[in-house]
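A short write-up of the structure that comes next.
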Amino acid sequence: MSFDTIDDLDPGQRVLVRLDLNSPVEDGTVQDNRRFERHAETVRELAERGDRVVCMAHQGRPGDDDFVSLRQHADILAEHVGRDVRFVPDTYGPEAVEAIEALDDGEILLLENVRMCEDELPEEDPGVKSRCEFVRTLAEHVDAYVNDAYSAAHREHASLVGFPLVLPAYAGRVMESEYEANTAIASRTFDGQVTMVVGGTKATDVISVMEALDEKVDQFLLGGIAGELFLRAAGYPVGEDVAGMDLFDDQWEANADTIRSVLDERGDAITLALDLAYEDDDGERAEIDVEDVEEKTQGFLDVGSDTVEAYDAVVRDSEAVFVKGALGLFEDERFSVGTVGVLEAIAETDCFSVVGGGDTSRAIEMYGLSEDDFSHVSIAGGAYIRALTGDSLPAVDVLVEAANERDGGSA
Ligand SMILES: Nc1ncnc2c1ncn2[C@@H]1O[C@H](COP(=O)(O)OP(=O)(O)OP(=O)(O)O)[C@@H](O)[C@H]1O
Ligand SMILES: O=C(O)[C@H](O)COP(=O)(O)O
């Protein structure tokens, strides 16, 4: 049994749609990325059917620099949909309700960042979330709920798990396709070596999943923040915050024990960077062997060339390669060597390959690689790796339960 989709939803209704438009923000400017392009398909389809489309989404986490309004997202989404997208700087107050009520058939509205609403976080079970004021208020002004945010489906937040208990609930097109691809992956087995490239900034997410994927993955190739934290656990003087950074120390506190136990138990399956890259005094990329680092005085922004060579060889020996997170700050070309090197190696072999992560998948387009050279490119990060472990996703579970109940009810 699975969830219902837009095909099961009669057109011409007022539909509340949860998207995942969480995007990189550079100097206050929201960066366009594949999430807009993919979600635009669902939004356009609903608008073209004559639905009144009320979109909600999140951006960043409270307290972080990228925790900003969705005003810019509305303009970017409009470009991809090819229709106007109105924006209202309110989540469920009178201004939001008025804007929802004012919609005509085929019109699209984007509400303010749902994480600005107190009821959205923290994580609680769907029953609790369905009773919060945010969910109860919006539910009164729409006819149905569509969840298209597969990439946030591992979170038990109000906008993701609350509505299916109080409204007819359906999966959007992105939810449908990502769910199919990623769930199928979890049940696949491979005869040869399975490799996972682990990087990015959300070390806490990936480290817990590494532990859970123990049986399924033969080789982990590490980079990014998680990579440095593992180097720290292995005794190198790296993996800590310097010069106003906020990436390492908290994540080290939260994960040090797990990292040590993963290293202890699966050390043979974990390959760490041999060298790291940084910006020298002339603004150029420079590299240093990890053995030669005496003290971390500045950020390491990529893995070094020897590491790329070593990782390239492992990839070419693999039957399946899963990528979660970039090996470096690839948005800056000087520090794209690790991420692009590994992606190129994957693209050149015929292994089964999945590249996941809202940010990471952007590297494929940025550096002229073709999506066709990978088995699946997911716009999901945390949800995709959780699906690999075979774990269910709370926001998918409630959609399935809602469909089951409807079926049971009508049987
Ligand atoms: N050494 C580094 N220093 C700073 N940033 C880094 C470093 N290595 C990787 N990154 C950044 O990590 C980001 C990707 O990290 P993230 O954990 O968000 O992964 P993702 O899998 O793409 O996304 P998500 O889980 O958000 O969908 C990239 O934007 C890249 O710039
Ligand atoms: O970008 C993501 O991976 C999703 O939007 C979830 O974001 P979160 O990790 O801040 O919950």
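Each chain in the structure tokens gets a letter, A, B, ..., in the order shown, and its residues are numbered from 1; ligands are numbered from 1 in order too.
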Can you tell me which residues sit at most 8 Å away from ligand 1, counting only C-alpha atoms and all ligand atoms, written as a short mmCIF file (atom, residue, chain, number, x, y, z; two decimals) with C-alpha atoms, in the first residue's frame?
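Writing done, so here's pocket28.cif:
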data_model
loop_
_atom_site.label_atom_id
_atom_site.label_comp_id
_atom_site.auth_asym_id
_atom_site.auth_seq_id
_atom_site.Cartn_x
_atom_site.Cartn_y
_atom_site.Cartn_z
CA ASN A 22 15.64 25.13 1.36
CA SER A 23 18.51 26.65 -0.62
CA PRO A 24 22.04 27.97 -0.28
CA SER A 151 13.74 15.87 1.11
CA GLY A 199 30.86 14.95 3.06
CA GLY A 200 28.92 18.19 3.41
CA THR A 201 28.26 20.29 6.48
CA LYS A 202 25.52 18.29 8.25
CA ALA A 203 27.93 15.89 9.95
CA ASP A 205 23.03 13.55 9.97
CA GLY A 223 35.48 14.67 3.21
CA GLY A 224 33.77 17.90 4.23
CA ILE A 225 33.03 18.51 7.90
CA GLU A 228 37.65 16.49 9.38
CA GLY A 299 39.59 26.60 7.39
CA PHE A 300 40.32 23.58 5.21
CA LEU A 301 37.99 23.95 2.27
CA ASP A 302 38.55 20.82 0.22
CA VAL A 303 40.33 17.50 0.22
CA LYS A 324 25.96 12.30 0.32
CA GLY A 325 27.49 15.70 0.77
CA ALA A 326 30.26 17.53 -1.04
CA LEU A 327 33.95 16.88 -0.29
CA GLY A 328 34.66 20.61 -0.25
CA LEU A 329 33.31 24.10 -0.74
CA PHE A 330 32.66 23.34 -4.41
CA GLU A 331 30.70 26.55 -5.02
CA ASP A 332 34.16 28.20 -5.11
CA GLY A 356 22.01 13.04 -3.09
CA GLY A 357 21.78 16.35 -1.31
CA GLY A 358 20.13 19.62 -2.18
CA ASP A 359 23.50 21.36 -2.34
CA THR A 360 25.60 18.49 -3.62
CA SER A 361 23.38 17.69 -6.59
CA ARG A 362 23.94 21.30 -7.71
CA ILE A 379 17.41 16.59 -4.40
CA ALA A 380 17.12 15.05 -0.94
CA GLY A 381 20.01 14.82 1.52
CA GLY A 382 19.08 13.59 5.00
CA ALA A 383 15.91 11.87 3.80
#
- prompt: Could you pull out the helix (DSSP H, G or I) residues of stretch 247-409 of chain A from DSSP and send them as a ChimeraX atom specification?
  reply: /A:249-269,290-292,305-316,333-335,337-348,360-366,371-373,382-388,394-409
- prompt: What's the 6 Å shell around stretch 249-253 of chain A, counting only C-alpha atoms, without same-chain residues fewer than 3 positions away, as a PyMOL selection string?
  reply: chain A and resi 240-241+256
How about saving the chosen residues, C-alpha atoms kept, as a PDB file, in the first residue's frame?
ATOM      1  CA  GLU A 240      37.701  22.301  15.198  1.00  0.00           C
ATOM      2  CA  ASP A 241      36.252  25.772  14.687  1.00  0.00           C
ATOM      3  CA  ALA A 256      32.595  12.247  19.204  1.00  0.00           C
TER       4      ALA A 256
END
- prompt: Of the candidates A:Val166, A:Leu247, A:Leu274, A:Ala149, which one gets nearest to A:Cys132 if we count only C-alpha atoms?
  reply: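 Comparing A:Val166, A:Leu247, A:Leu274, A:Ala149 against A:Cys132, the winner is A:Val166.
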message: List the spatial neighbours of A:Tyr92 as a list in words - criterion: any atom at most 9 Å away, only C-alpha atoms, same-chain residues fewer than 3 positions off excluded.
response: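 Surrounding residues, per the criterion: Glu95, Ala96, Val97, Leu111, Glu112, Cys117, Glu133, Phe134, Val135, Thr137 and Leu138 of chain A.
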Write out the residues from the selection above, keeping N, CA and C atoms, as a PDB file, in the first residue's frame.
ATOM      1  N   GLU A  95      -3.114  37.995   7.848  1.00  0.00           N
ATOM      2  CA  GLU A  95      -2.635  38.385   6.512  1.00  0.00           C
ATOM      3  C   GLU A  95      -2.555  37.164   5.587  1.00  0.00           C
ATOM      4  N   ALA A  96      -2.067  36.058   6.162  1.00  0.00           N
ATOM      5  CA  ALA A  96      -1.955  34.825   5.369  1.00  0.00           C
ATOM      6  C   ALA A  96      -3.351  34.331   4.975  1.00  0.00           C
ATOM      7  N   VAL A  97      -4.257  34.334   5.939  1.00  0.00           N
ATOM      8  CA  VAL A  97      -5.614  33.834   5.679  1.00  0.00           C
ATOM      9  C   VAL A  97      -6.292  34.688   4.600  1.00  0.00           C
ATOM     10  N   LEU A 111       3.516  31.177   1.261  1.00  0.00           N
ATOM     11  CA  LEU A 111       3.481  31.711   2.628  1.00  0.00           C
ATOM     12  C   LEU A 111       4.914  31.932   3.123  1.00  0.00           C
ATOM     13  N   GLU A 112       5.061  32.656   4.213  1.00  0.00           N
ATOM     14  CA  GLU A 112       6.379  32.927   4.800  1.00  0.00           C
ATOM     15  C   GLU A 112       6.999  31.624   5.341  1.00  0.00           C
ATOM     16  N   CYS A 117       7.276  30.149  12.350  1.00  0.00           N
ATOM     17  CA  CYS A 117       6.080  29.915  13.149  1.00  0.00           C
ATOM     18  C   CYS A 117       6.454  28.963  14.285  1.00  0.00           C
ATOM     19  N   GLU A 133      -2.053  25.154  16.622  1.00  0.00           N
ATOM     20  CA  GLU A 133      -2.861  26.243  16.065  1.00  0.00           C
ATOM     21  C   GLU A 133      -2.560  26.497  14.582  1.00  0.00           C
ATOM     22  N   PHE A 134      -1.277  26.409  14.243  1.00  0.00           N
ATOM     23  CA  PHE A 134      -0.836  26.613  12.859  1.00  0.00           C
ATOM     24  C   PHE A 134      -1.578  25.661  11.917  1.00  0.00           C
ATOM     25  N   VAL A 135      -1.594  24.362  12.270  1.00  0.00           N
ATOM     26  CA  VAL A 135      -2.237  23.365  11.411  1.00  0.00           C
ATOM     27  C   VAL A 135      -3.758  23.568  11.417  1.00  0.00           C
ATOM     28  N   THR A 137      -5.528  26.200  12.001  1.00  0.00           N
ATOM     29  CA  THR A 137      -5.968  27.426  11.319  1.00  0.00           C
ATOM     30  C   THR A 137      -5.903  27.277   9.802  1.00  0.00           C
ATOM     31  N   LEU A 138      -4.753  26.834   9.291  1.00  0.00           N
ATOM     32  CA  LEU A 138      -4.632  26.732   7.831  1.00  0.00           C
ATOM     33  C   LEU A 138      -5.603  25.699   7.263  1.00  0.00           C
TER      34      LEU A 138
END
message: Could you check the closest approach to A:Asp4 for each of A:Asp372, A:Glu176, A:Asp66, A:Asp27 and tell me which residue wins, using only C-alpha atoms?
response: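 Ranking A:Asp372, A:Glu176, A:Asp66, A:Asp27 by distance to A:Asp4, first place goes to A:Glu176.
Among the candidates A:Gln219, A:Ser336, A:Thr91, A:Ser378, the residue lying nearest to ligand 2 is A:Ser378 (atoms considered: only C-alpha atoms and all ligand atoms).
Put simply, atom CA of A:Arg266 is 14.8 Å away from atom CA of A:Val198.
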- prompt: What is the distance between atom CA of A:Phe3 and atom CA of A:Asp104, in Å to one decimal?
  reply: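 Here the two named atoms are 28.1 Å from each other.
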Residues of stretch 294-356 of chain A that approach stretch 181-184 of chain A to 12 Å or less, counting only C-alpha atoms: could you list each one with the shortest pair of atoms and its distance in Å to one decimal, rows by chain and increasing residue number, as a tab-separated table?
residue	atom	partner	partner_atom	distance
A:Phe322	CA	A:Asn182	CA	11.2
A:Ser353	CA	A:Asn182	CA	11.6
A:Val354	CA	A:Asn182	CA	9.0
A:Val355	CA	A:Asn182	CA	10.9
A:Gly356	CA	A:Asn182	CA	9.9
- prompt: Would you give me, as a list of chain:residue names, the residues in stretch 173-251 of chain A that DSSP reads as strand (DSSP E or B)?
  reply: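 The strand (DSSP E or B) subset of stretch 173-251 of chain A is A:Gln193, A:Val194, A:Thr195, A:Met196, A:Val197, A:Val198, A:Gln219, A:Phe220, A:Leu221, A:Leu222.
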Take the residues just selected and output them with N, CA and C atoms as a PDB file, in the first residue's frame.
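The result, written out as part17.pdb:
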ATOM      1  N   GLN A 193      31.803  -4.242  -4.669  1.00  0.00           N
ATOM      2  CA  GLN A 193      32.023  -3.275  -3.589  1.00  0.00           C
ATOM      3  C   GLN A 193      31.007  -2.119  -3.616  1.00  0.00           C
ATOM      4  N   VAL A 194      30.453  -1.813  -2.462  1.00  0.00           N
ATOM      5  CA  VAL A 194      29.538  -0.670  -2.325  1.00  0.00           C
ATOM      6  C   VAL A 194      30.292   0.440  -1.582  1.00  0.00           C
ATOM      7  N   THR A 195      30.350   1.599  -2.210  1.00  0.00           N
ATOM      8  CA  THR A 195      31.121   2.717  -1.647  1.00  0.00           C
ATOM      9  C   THR A 195      30.194   3.883  -1.356  1.00  0.00           C
ATOM     10  N   MET A 196      30.453   4.547  -0.258  1.00  0.00           N
ATOM     11  CA  MET A 196      29.670   5.748   0.037  1.00  0.00           C
ATOM     12  C   MET A 196      30.611   6.922   0.269  1.00  0.00           C
ATOM     13  N   VAL A 197      30.374   7.991  -0.474  1.00  0.00           N
ATOM     14  CA  VAL A 197      31.160   9.221  -0.334  1.00  0.00           C
ATOM     15  C   VAL A 197      30.392  10.123   0.629  1.00  0.00           C
ATOM     16  N   VAL A 198      31.022  10.466   1.734  1.00  0.00           N
ATOM     17  CA  VAL A 198      30.333  11.205   2.793  1.00  0.00           C
ATOM     18  C   VAL A 198      31.015  12.551   3.018  1.00  0.00           C
ATOM     19  N   GLN A 219      32.998   0.522   1.755  1.00  0.00           N
ATOM     20  CA  GLN A 219      34.009   1.577   1.854  1.00  0.00           C
ATOM     21  C   GLN A 219      33.358   2.942   2.021  1.00  0.00           C
ATOM     22  N   PHE A 220      33.735   3.670   3.035  1.00  0.00           N
ATOM     23  CA  PHE A 220      33.310   5.065   3.173  1.00  0.00           C
ATOM     24  C   PHE A 220      34.494   5.954   2.801  1.00  0.00           C
ATOM     25  N   LEU A 221      34.266   6.921   1.917  1.00  0.00           N
ATOM     26  CA  LEU A 221      35.304   7.901   1.555  1.00  0.00           C
ATOM     27  C   LEU A 221      34.884   9.231   2.164  1.00  0.00           C
ATOM     28  N   LEU A 222      35.691   9.776   3.035  1.00  0.00           N
ATOM     29  CA  LEU A 222      35.231  10.941   3.792  1.00  0.00           C
ATOM     30  C   LEU A 222      35.837  12.273   3.366  1.00  0.00           C
TER      31      LEU A 222
END
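We find atom CA of A:Val209 and atom CA of A:Leu388 to be spaced 8.8 Å apart.
The neighbours of A:Gly106 here are the residues that come within 9 Å of it, using only C-alpha atoms and leaving out any residue fewer than 2 positions away in the same chain; they are Gly12, Arg44, Leu46, Ala47, Glu48, Arg49, Gly50, Asp51, Arg52, Val53, Leu103, Asp104 and Ile108 of chain A.
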Would you export the selected residues with N, CA and C atoms as a PDB file, in the first residue's frame, please?
ATOM      1  N   GLY A  12      -9.606  21.805  -9.195  1.00  0.00           N
ATOM      2  CA  GLY A  12     -10.468  22.948  -8.893  1.00  0.00           C
ATOM      3  C   GLY A  12     -10.630  23.214  -7.408  1.00  0.00           C
ATOM      4  N   ARG A  44       3.048  23.850 -11.085  1.00  0.00           N
ATOM      5  CA  ARG A  44       2.475  24.206 -12.401  1.00  0.00           C
ATOM      6  C   ARG A  44       1.305  23.276 -12.735  1.00  0.00           C
ATOM      7  N   LEU A  46      -0.715  21.690 -10.764  1.00  0.00           N
ATOM      8  CA  LEU A  46      -1.901  22.021  -9.956  1.00  0.00           C
ATOM      9  C   LEU A  46      -2.549  23.309 -10.461  1.00  0.00           C
ATOM     10  N   ALA A  47      -1.720  24.320 -10.742  1.00  0.00           N
ATOM     11  CA  ALA A  47      -2.266  25.613 -11.207  1.00  0.00           C
ATOM     12  C   ALA A  47      -2.962  25.437 -12.562  1.00  0.00           C
ATOM     13  N   GLU A  48      -2.347  24.643 -13.436  1.00  0.00           N
ATOM     14  CA  GLU A  48      -2.932  24.457 -14.770  1.00  0.00           C
ATOM     15  C   GLU A  48      -4.263  23.692 -14.711  1.00  0.00           C
ATOM     16  N   ARG A  49      -4.427  22.880 -13.666  1.00  0.00           N
ATOM     17  CA  ARG A  49      -5.712  22.171 -13.493  1.00  0.00           C
ATOM     18  C   ARG A  49      -6.794  23.079 -12.933  1.00  0.00           C
ATOM     19  N   GLY A  50      -6.379  24.309 -12.523  1.00  0.00           N
ATOM     20  CA  GLY A  50      -7.360  25.240 -11.965  1.00  0.00           C
ATOM     21  C   GLY A  50      -7.409  25.245 -10.454  1.00  0.00           C
ATOM     22  N   ASP A  51      -6.445  24.563  -9.816  1.00  0.00           N
ATOM     23  CA  ASP A  51      -6.413  24.618  -8.348  1.00  0.00           C
ATOM     24  C   ASP A  51      -5.928  25.996  -7.886  1.00  0.00           C
ATOM     25  N   ARG A  52      -6.308  26.369  -6.662  1.00  0.00           N
ATOM     26  CA  ARG A  52      -5.761  27.571  -6.013  1.00  0.00           C
ATOM     27  C   ARG A  52      -4.640  27.055  -5.130  1.00  0.00           C
ATOM     28  N   VAL A  53      -3.417  27.406  -5.459  1.00  0.00           N
ATOM     29  CA  VAL A  53      -2.270  26.714  -4.879  1.00  0.00           C
ATOM     30  C   VAL A  53      -1.615  27.558  -3.776  1.00  0.00           C
ATOM     31  N   LEU A 103      -7.354  34.128  -3.319  1.00  0.00           N
ATOM     32  CA  LEU A 103      -6.849  33.438  -4.524  1.00  0.00           C
ATOM     33  C   LEU A 103      -7.972  33.079  -5.494  1.00  0.00           C
ATOM     34  N   ASP A 104      -7.671  33.206  -6.788  1.00  0.00           N
ATOM     35  CA  ASP A 104      -8.590  32.740  -7.827  1.00  0.00           C
ATOM     36  C   ASP A 104      -8.096  31.405  -8.374  1.00  0.00           C
ATOM     37  N   ILE A 108      -1.281  31.213  -7.567  1.00  0.00           N
ATOM     38  CA  ILE A 108      -0.308  30.578  -6.664  1.00  0.00           C
ATOM     39  C   ILE A 108       0.144  31.584  -5.603  1.00  0.00           C
TER      40      ILE A 108
END
query: Taking into account only C-alpha atoms, which residue in the set A:Glu118, A:Val30, A:Asp105, A:Leu160 is nearest to A:Ser130?
result: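 Answer, going by the shortest atom-to-atom distance: A:Leu160.
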A:Thr339, A:Thr389, A:Thr258, A:Asn113 ranked by distance to ligand 2, top pick (using only C-alpha atoms and all ligand atoms):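 Result for the nearest residue to ligand 2: A:Asn113.
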